[in-house]
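Shown below: protein.cif, with mmCIF, C-alpha atoms and all ligand atoms.
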data_query
loop_
_atom_site.label_atom_id
_atom_site.label_comp_id
_atom_site.auth_asym_id
_atom_site.auth_seq_id
_atom_site.Cartn_x
_atom_site.Cartn_y
_atom_site.Cartn_z
CA MET A 1 92.80 92.54 129.17
CA SER A 2 93.41 96.21 130.00
CA ASP A 3 91.21 98.40 132.19
CA ARG A 4 92.26 101.54 130.33
CA PRO A 5 89.33 103.83 129.40
CA ARG A 6 87.67 103.52 126.00
CA PRO A 7 89.26 105.68 123.26
CA ALA A 8 87.69 109.13 123.06
CA ALA A 9 86.34 108.43 119.55
CA ALA A 10 84.10 105.70 120.98
CA ARG A 11 82.60 107.60 123.87
CA TRP A 12 79.25 108.50 122.27
CA LEU A 13 78.16 105.06 121.10
CA PRO A 14 76.98 101.95 123.00
CA GLU A 15 79.72 99.45 123.80
CA CYS A 16 78.61 96.72 121.37
CA THR A 17 77.80 99.03 118.45
CA PHE A 18 80.00 97.15 115.96
CA GLU A 19 79.96 93.68 117.54
CA GLY A 20 80.14 90.94 114.87
CA GLN A 21 81.22 93.37 112.13
CA VAL A 22 84.46 93.30 110.20
CA ALA A 23 85.99 96.64 109.20
CA LEU A 24 88.82 97.45 106.82
CA VAL A 25 90.55 100.79 107.45
CA THR A 26 93.03 101.85 104.77
CA GLY A 27 95.84 103.87 106.31
CA GLY A 28 94.47 102.62 109.61
CA GLY A 29 97.77 102.63 111.49
CA THR A 30 98.36 106.39 111.74
CA GLY A 31 96.51 109.67 112.33
CA LEU A 32 92.75 109.70 111.81
CA GLY A 33 92.81 106.12 110.48
CA LEU A 34 94.42 104.94 113.71
CA GLU A 35 91.78 106.67 115.83
CA MET A 36 88.99 105.11 113.76
CA THR A 37 90.66 101.71 114.15
CA ARG A 38 90.88 102.14 117.92
CA GLY A 39 87.30 103.38 118.17
CA LEU A 40 85.85 100.58 116.03
CA ALA A 41 87.80 97.87 117.84
CA SER A 42 86.79 99.19 121.25
CA LEU A 43 83.14 99.01 120.16
CA GLY A 44 83.42 95.34 119.17
CA ALA A 45 84.46 95.33 115.50
CA GLU A 46 87.16 93.06 114.15
CA VAL A 47 89.41 95.55 112.33
CA ILE A 48 91.90 95.03 109.54
CA VAL A 49 94.42 97.80 109.16
CA ALA A 50 95.75 98.11 105.60
CA SER A 51 98.88 100.19 105.01
CA ARG A 52 101.56 100.48 102.41
CA ASN A 53 104.14 100.68 105.13
CA PRO A 54 104.13 97.75 107.60
CA ALA A 55 106.07 99.93 110.07
CA HIS A 56 102.70 101.56 110.75
CA HIS A 57 101.24 98.33 112.10
CA GLY A 58 103.37 97.62 115.15
CA ALA A 59 101.96 100.13 117.65
CA ILE A 60 98.29 99.33 117.02
CA LEU A 61 98.91 95.57 117.09
CA ASP A 62 100.69 95.97 120.45
CA GLU A 63 97.82 98.03 121.83
CA ALA A 64 95.30 95.47 120.53
CA ARG A 65 97.11 92.66 122.36
CA GLU A 66 97.13 94.66 125.56
CA ARG A 67 93.48 95.67 125.32
CA GLY A 68 92.08 92.43 123.94
CA TRP A 69 90.94 94.04 120.69
CA LYS A 70 90.61 92.02 117.47
CA ILE A 71 92.93 93.84 115.07
CA HIS A 72 94.85 92.43 112.11
CA ALA A 73 97.17 94.08 109.62
CA VAL A 74 97.75 93.69 105.90
CA GLU A 75 100.28 95.34 103.64
CA LEU A 76 98.46 96.97 100.74
CA ASP A 77 99.10 99.69 98.19
CA VAL A 78 95.60 100.83 97.23
CA ARG A 79 96.93 102.23 93.93
CA GLU A 80 97.38 98.67 92.64
CA PRO A 81 94.05 97.25 91.45
CA ILE A 82 95.34 93.67 91.30
CA ALA A 83 96.64 93.88 94.86
CA VAL A 84 93.30 95.31 96.06
CA GLU A 85 91.37 92.56 94.27
CA ARG A 86 93.58 89.89 95.85
CA CYS A 87 93.30 91.49 99.28
CA ALA A 88 89.47 91.60 99.05
CA ALA A 89 89.36 87.92 98.04
CA GLU A 90 91.71 86.89 100.87
CA LEU A 91 89.89 88.88 103.54
CA ASN A 92 86.46 87.66 102.44
CA GLU A 93 87.80 84.11 102.54
CA ARG A 94 89.42 84.57 105.95
CA PHE A 95 86.70 86.57 107.74
CA GLY A 96 83.63 85.60 105.72
CA HIS A 97 82.69 89.22 105.07
CA VAL A 98 83.90 92.80 105.31
CA ASP A 99 81.00 94.96 106.50
CA LEU A 100 82.66 98.34 106.81
CA LEU A 101 85.14 99.81 104.34
CA ILE A 102 86.83 103.01 105.42
CA ASN A 103 88.74 104.65 102.58
CA ASN A 104 91.12 106.77 104.59
CA ALA A 105 94.53 106.26 102.94
CA ALA A 106 95.83 109.53 101.54
CA GLY A 107 98.94 111.30 100.40
CA ASN A 108 99.38 115.02 100.75
CA PHE A 109 101.93 117.82 100.91
CA LEU A 110 101.88 121.50 100.13
CA CYS A 111 103.20 122.36 96.67
CA PRO A 112 102.32 125.25 94.33
CA ALA A 113 100.46 123.84 91.31
CA GLU A 114 102.96 125.22 88.82
CA ARG A 115 105.76 123.29 90.53
CA LEU A 116 103.92 120.01 91.05
CA SER A 117 105.51 117.23 88.98
CA SER A 118 103.45 114.73 86.98
CA ARG A 119 104.66 111.92 89.23
CA ALA A 120 103.61 113.82 92.34
CA TRP A 121 100.18 114.50 90.84
CA ARG A 122 99.80 110.84 89.84
CA SER A 123 100.95 109.63 93.21
CA VAL A 124 98.31 111.57 95.18
CA LEU A 125 95.53 110.97 92.63
CA GLY A 126 96.51 107.29 92.62
CA ILE A 127 96.18 106.88 96.37
CA VAL A 128 93.14 109.06 96.99
CA LEU A 129 90.97 108.75 93.88
CA ASP A 130 92.04 105.46 92.26
CA GLY A 131 92.56 103.74 95.60
CA THR A 132 89.11 104.70 96.87
CA PHE A 133 87.56 103.38 93.69
CA TYR A 134 89.50 100.11 93.62
CA CYS A 135 88.66 99.36 97.27
CA SER A 136 85.02 100.34 96.79
CA ARG A 137 84.71 98.18 93.68
CA TYR A 138 86.30 95.02 95.06
CA PHE A 139 84.91 95.18 98.60
CA GLY A 140 81.62 96.58 97.26
CA ARG A 141 81.08 93.48 95.10
CA SER A 142 80.90 91.19 98.11
CA MET A 143 78.75 93.71 99.99
CA ILE A 144 76.36 93.62 97.03
CA GLU A 145 76.26 89.81 97.22
CA ARG A 146 75.49 89.96 100.95
CA GLY A 147 72.94 92.74 100.55
CA ARG A 148 74.57 94.92 103.21
CA GLY A 149 77.64 96.99 103.90
CA GLN A 150 78.93 100.45 104.44
CA ILE A 151 81.59 102.63 102.90
CA LEU A 152 83.00 105.75 104.50
CA ASN A 153 85.29 108.05 102.55
CA ILE A 154 87.49 110.71 104.06
CA VAL A 155 87.47 113.88 101.98
CA ALA A 156 88.37 117.49 102.84
CA THR A 157 86.51 120.78 102.80
CA TYR A 158 88.94 122.16 100.22
CA ALA A 159 87.38 119.71 97.75
CA TRP A 160 84.78 122.44 97.18
CA THR A 161 86.32 125.59 98.70
CA GLY A 162 89.72 125.12 97.03
CA MET A 163 92.92 125.97 98.87
CA PRO A 164 96.35 127.07 97.65
CA GLY A 165 99.02 124.37 97.56
CA VAL A 166 96.84 121.27 97.38
CA VAL A 167 95.61 121.06 93.79
CA HIS A 168 96.43 117.32 93.69
CA SER A 169 94.64 116.46 96.93
CA ALA A 170 91.70 118.83 96.37
CA SER A 171 91.10 117.45 92.86
CA ALA A 172 91.26 113.89 94.13
CA LYS A 173 88.98 114.56 97.11
CA ALA A 174 86.44 116.31 94.87
CA GLY A 175 86.37 113.12 92.79
CA VAL A 176 85.91 111.02 95.90
CA LEU A 177 82.99 113.20 96.96
CA ALA A 178 81.34 112.67 93.56
CA MET A 179 82.07 108.95 93.92
CA THR A 180 80.45 108.92 97.37
CA ARG A 181 77.20 110.39 96.06
CA THR A 182 77.19 108.29 92.90
CA LEU A 183 77.79 104.99 94.69
CA ALA A 184 75.23 105.95 97.35
CA THR A 185 72.59 106.21 94.64
CA GLU A 186 73.75 103.10 92.77
CA TRP A 187 74.17 100.81 95.76
CA ALA A 188 71.37 101.85 98.14
CA ARG A 189 69.22 99.14 96.57
CA PHE A 190 71.77 96.57 97.74
CA GLY A 191 71.56 97.79 101.33
CA ILE A 192 74.88 99.63 101.11
CA ARG A 193 75.31 103.10 102.57
CA VAL A 194 78.10 105.32 101.29
CA ASN A 195 79.00 108.48 103.17
CA ALA A 196 81.90 110.88 103.59
CA VAL A 197 83.43 112.97 106.33
CA ALA A 198 85.20 116.20 105.47
CA PRO A 199 87.45 117.21 108.31
CA GLY A 200 88.96 120.65 108.36
CA PRO A 201 92.56 120.73 109.51
CA PHE A 202 92.86 118.61 112.64
CA HIS A 203 95.88 117.89 114.71
CA SER A 204 97.99 114.85 113.81
CA GLU A 205 101.73 114.39 113.43
CA GLY A 206 101.39 113.86 109.67
CA ALA A 207 99.32 116.99 109.18
CA ALA A 208 101.62 119.07 111.36
CA GLU A 209 104.66 117.94 109.36
CA ARG A 210 103.08 118.44 105.97
CA LEU A 211 100.49 121.18 106.30
CA TRP A 212 101.70 123.58 109.00
CA PRO A 213 105.42 122.90 109.13
CA GLU A 214 106.56 126.41 110.10
CA PRO A 215 106.33 128.16 113.47
CA GLY A 216 103.19 130.25 113.84
CA MET A 217 101.25 128.50 111.02
CA ARG A 218 99.12 126.45 113.41
CA GLU A 219 98.24 129.50 115.54
CA ARG A 220 97.32 131.52 112.44
CA LEU A 221 95.10 128.69 111.29
CA GLU A 222 93.39 128.35 114.67
CA SER A 223 92.63 132.04 114.71
CA GLN A 224 90.57 131.56 111.53
CA VAL A 225 88.40 128.77 112.95
CA PRO A 226 85.08 130.12 114.30
CA LEU A 227 85.18 127.54 117.11
CA GLY A 228 88.67 128.80 117.92
CA ARG A 229 90.73 125.61 117.81
CA LEU A 230 91.73 122.67 115.66
CA ALA A 231 89.94 119.38 116.26
CA SER A 232 91.80 116.35 117.53
CA ALA A 233 91.99 113.19 115.42
CA GLU A 234 89.96 111.34 118.10
CA GLU A 235 87.19 113.90 117.84
CA VAL A 236 86.98 113.60 114.04
CA ALA A 237 87.06 109.80 114.35
CA GLY A 238 84.08 109.98 116.72
CA HIS A 239 82.00 111.65 113.99
CA CYS A 240 83.16 109.00 111.50
CA LEU A 241 81.98 106.24 113.83
CA TYR A 242 78.58 107.92 114.09
CA LEU A 243 78.20 107.74 110.29
CA LEU A 244 79.13 104.04 110.35
CA SER A 245 76.79 103.23 113.22
CA PRO A 246 73.08 102.36 113.22
CA ALA A 247 72.49 105.85 114.69
CA SER A 248 72.74 107.15 111.10
CA GLU A 249 70.99 104.32 109.28
CA TYR A 250 68.80 106.61 107.13
CA ILE A 251 71.77 108.68 105.94
CA THR A 252 73.51 107.92 102.66
CA GLY A 253 75.38 110.05 100.13
CA GLU A 254 76.03 112.61 102.86
CA CYS A 255 79.23 114.50 103.54
CA LEU A 256 79.55 115.50 107.16
CA VAL A 257 81.73 118.57 107.59
CA VAL A 258 83.77 118.51 110.81
CA ASP A 259 85.76 121.73 110.72
CA GLY A 260 84.64 124.03 113.53
CA GLY A 261 83.00 126.30 110.94
CA LEU A 262 86.23 127.06 109.06
CA SER A 263 84.81 126.45 105.59
CA LEU A 264 81.87 128.80 106.15
CA GLY A 265 84.13 131.62 105.04
CA ARG A 266 84.89 134.99 106.52
CA ASN A 267 82.53 137.89 106.29
CA MET A 268 83.08 141.63 105.97
CA TRP A 269 83.47 142.01 109.72
CA ALA A 270 84.98 139.94 112.45
CA PRO A 271 82.47 138.50 114.96
CA GLY A 272 81.15 141.23 117.24
CA GLU A 273 82.52 144.00 115.05
CA SER A 274 79.40 144.23 112.87
CA ARG A 275 77.29 145.06 115.95
CA ARG A 276 79.48 148.07 116.72
CA LYS A 277 79.17 149.62 113.25
CA PRO A 278 76.32 152.12 112.92
CA VAL A 279 74.02 151.31 110.01
CA VAL A 280 73.93 154.33 107.71
CA GLY A 281 71.04 155.25 105.38
N1 LIG B 301 106.72 118.36 97.64
C1 LIG B 301 106.78 118.24 96.29
N2 LIG B 301 106.79 117.04 95.64
C2 LIG B 301 106.75 115.93 96.41
C3 LIG B 301 106.70 115.96 97.82
C4 LIG B 301 106.69 117.25 98.44
N3 LIG B 301 106.64 117.39 99.77
N4 LIG B 301 106.63 114.68 98.30
C5 LIG B 301 106.66 113.87 97.20
N5 LIG B 301 106.75 114.64 96.08
C6 LIG B 301 106.87 114.16 94.73
C7 LIG B 301 108.20 113.48 94.50
O1 LIG B 301 109.22 114.41 94.28
C8 LIG B 301 107.89 112.60 93.29
O2 LIG B 301 107.89 113.34 92.12
P1 LIG B 301 109.19 113.41 91.14
O3 LIG B 301 109.64 112.00 90.94
O4 LIG B 301 108.68 114.08 89.91
O5 LIG B 301 110.18 114.24 91.88
C9 LIG B 301 106.43 112.22 93.52
O6 LIG B 301 105.89 113.16 94.45
C10 LIG B 301 106.30 110.86 94.09
O7 LIG B 301 107.07 110.80 95.29
P2 LIG B 301 107.49 109.42 95.94
O8 LIG B 301 108.01 109.68 97.31
O9 LIG B 301 108.33 108.63 95.00
O10 LIG B 301 106.06 108.75 95.94
P3 LIG B 301 105.26 107.92 96.89
O11 LIG B 301 104.10 107.60 96.03
O12 LIG B 301 106.04 106.85 97.51
O13 LIG B 301 104.81 108.93 98.08
C11 LIG B 301 103.36 110.51 99.07
C12 LIG B 301 104.23 110.18 97.87
C13 LIG B 301 102.74 111.84 98.84
C14 LIG B 301 102.25 109.55 99.19
C15 LIG B 301 104.24 110.52 100.34
O14 LIG B 301 104.51 111.82 100.70
C16 LIG B 301 103.65 109.80 101.51
O15 LIG B 301 103.77 108.60 101.61
N6 LIG B 301 102.98 110.51 102.44
C17 LIG B 301 102.43 109.90 103.64
C18 LIG B 301 100.98 109.91 103.68
C19 LIG B 301 100.38 111.28 103.71
O16 LIG B 301 100.87 112.17 103.06
N7 LIG B 301 99.27 111.44 104.42
C20 LIG B 301 98.54 112.68 104.46
C21 LIG B 301 98.72 113.38 105.77
S1 LIG B 301 97.94 114.97 105.74
#
Before we go any further, please render this structure as structure tokens.
Ligand code: COA
Amino acid sequence: MSDRPRPAAARWLPECTFEGQVALVTGGGTGLGLEMTRGLASLGAEVIVASRNPAHHGAILDEARERGWKIHAVELDVREPIAVERCAAELNERFGHVDLLINNAAGNFLCPAERLSSRAWRSVLGIVLDGTFYCSRYFGRSMIERGRGQILNIVATYAWTGMPGVVHSASAKAGVLAMTRTLATEWARFGIRVNAVAPGPFHSEGAAERLWPEPGMRERLESQVPLGRLASAEEVAGHCLYLLSPASEYITGECLVVDGGLSLGRNMWAPGESRRKPVVG
């Protein structure tokens, strides 16, 4: 067992917050998903990481062994409803229940809408929108039977602000946001909470490669954020854990924006400048 400090994402919650709970994190081996996995496991959850690419499992399984965390991995393409159904049946059989479903798997890249191919559109919609629904449906069924459970969906602020270059992802995330609110109203009576987190751009290798690939793009982006910096993946994961924890037990259908104020928009003047302008008339 390691004496390394708890992951940053877990620092705000009591140590046993998720003790006895089983969590499934799609795309849980990289980026934000990885930080949620680490945070949940360090707070006592048994976590199953589901990824399309098993190469994403090795590092977290090694860390789990070293730290004494209960983490397992399954290969899953969330676009395939039959595979998701089978996975839900197997995990329910093996663990008895899955209490927390985190729909985090995503696909994204910048591409002008007029150049986006049908396959590219289908691929991102398939992962983000279809995958979130298939996982919610199959894992939701057993949550309904148990009369408890939680679903957390990762969306993005551009689902409602729009942003050039991400018509596929923005359209899919907008659908997931609608799904979050709809399932929250349908399934509250079964003791299931459904929430979403909408991170602004946060630092991760995947995001850096896909969303700010050129020199200077990250700095330009940071200069637009009212809080003056990008978040880290650990920091965003910390807010996700809050929404999964009993600290938020009266919250459902909510979308927590974690973007340093970026989506609030820019006004006519930069901060401070408006105070210097004399008011005329
Ligand atoms: N720009 C334009 N089109 C792209 C593209 C890019 N950067 N990346 C993929 N596509 C297109 C492909 O060209 C293909 O369309 P085509 O056959 O008409 O040319 C289509 O998308 C499917 O690509 P393919 O690689 O076969 O599909 P896939 O389903 O295996 O993977 C992604 C597509 C988007 C999921 C892939 O980029 C991926 O796995 N990304 C990692 C996860 C991720 O993006 N996370 C988000 C981090 S912010």
Original post:
When the cut-off is 8 Å and you count all atoms listed in the file, which residues lie near ligand LIG 301 (chain B), shown as a ChimeraX atom specification?
Top reply: /A:31,105-111,115-124,127,206-208,210-211
Original post:
In file coordinates, which residues lie within 6 Å of (84.4, 106.0, 95.9) using only C-alpha atoms, given as a ChimeraX atom specification?
Top reply: /A:132-133,136,176,179-180
**OP:** Compile the contact shell of A:Ala237 as a VMD selection string: residues with an atom at most 9 Å away, counting all atoms listed in the file, same-chain residues fewer than 6 positions apart removed.
**Re:** chain A and resid 8 to 10 32 to 37 39
What would the list of residues within 7 Å of (91.2, 103.9, 102.1) (file frame) look like as a PDB file with C-alpha atoms, in the frame of the given file, if only C-alpha atoms are what count?
ATOM      1  CA  VAL A  25      90.550 100.790 107.450  1.00  0.00           C
ATOM      2  CA  THR A  26      93.030 101.850 104.770  1.00  0.00           C
ATOM      3  CA  GLY A  27      95.840 103.870 106.310  1.00  0.00           C
ATOM      4  CA  ILE A 102      86.830 103.010 105.420  1.00  0.00           C
ATOM      5  CA  ASN A 103      88.740 104.650 102.580  1.00  0.00           C
ATOM      6  CA  ASN A 104      91.120 106.770 104.590  1.00  0.00           C
ATOM      7  CA  ALA A 105      94.530 106.260 102.940  1.00  0.00           C
ATOM      8  CA  GLY A 131      92.560 103.740  95.600  1.00  0.00           C
ATOM      9  CA  THR A 132      89.110 104.700  96.870  1.00  0.00           C
TER      10      THR A 132
END
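Candidate residues A:Ala59, A:Cys16, A:Val236, A:Val22 were compared for distance to A:Leu91, and the nearest is A:Val22, using only C-alpha atoms.
For the atom pair formed by atom CA of A:Leu13 and atom CA of A:Leu230, the distance is 22.9 Å, given to one decimal.
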Could you make a table, as CSV, of the residues of stretch 205-278 of chain A that have an atom within 8 Å of an atom of stretch 182-195 of chain A, each with its nearest atom pair and distance in Å to one decimal, counting only C-alpha atoms, in chain and number order?
residue,atom,partner,partner_atom,distance
A:Leu243,CA,A:Asn195,CA,7.2
A:Ile251,CA,A:Arg193,CA,7.4
A:Thr252,CA,A:Arg193,CA,5.1
A:Gly253,CA,A:Ala184,CA,5.0
A:Glu254,CA,A:Asn195,CA,5.1
A:Cys255,CA,A:Asn195,CA,6.0
Deliver the residues from the most recent selection as a file, using C-alpha atoms, as a PDB file, keeping the file's coordinate frame.
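Below you can see result_34.pdb, which holds the result:
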ATOM      1  CA  LEU A 243      78.200 107.740 110.290  1.00  0.00           C
ATOM      2  CA  ILE A 251      71.770 108.680 105.940  1.00  0.00           C
ATOM      3  CA  THR A 252      73.510 107.920 102.660  1.00  0.00           C
ATOM      4  CA  GLY A 253      75.380 110.050 100.130  1.00  0.00           C
ATOM      5  CA  GLU A 254      76.030 112.610 102.860  1.00  0.00           C
ATOM      6  CA  CYS A 255      79.230 114.500 103.540  1.00  0.00           C
TER       7      CYS A 255
END
Please identify all polymer residues within 8 Å of stretch 95-97 of chain A, counting only C-alpha atoms, omitting same-chain residues fewer than 2 positions from it, and present them as a PDB file with C-alpha atoms, in the frame of the given file.
ATOM      1  CA  VAL A  22      84.460  93.300 110.200  1.00  0.00           C
ATOM      2  CA  LEU A  91      89.890  88.880 103.540  1.00  0.00           C
ATOM      3  CA  ASN A  92      86.460  87.660 102.440  1.00  0.00           C
ATOM      4  CA  GLU A  93      87.800  84.110 102.540  1.00  0.00           C
ATOM      5  CA  ASP A  99      81.000  94.960 106.500  1.00  0.00           C
ATOM      6  CA  SER A 142      80.900  91.190  98.110  1.00  0.00           C
ATOM      7  CA  MET A 143      78.750  93.710  99.990  1.00  0.00           C
TER       8      MET A 143
END
Original post:
Nearest to A:Gly140 among A:Leu43, A:Ala170, A:Leu61, A:Leu24, with distances taken over all atoms listed in the file: which residue is it?
Top reply: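 The answer is A:Leu24, which sits nearest to A:Gly140.
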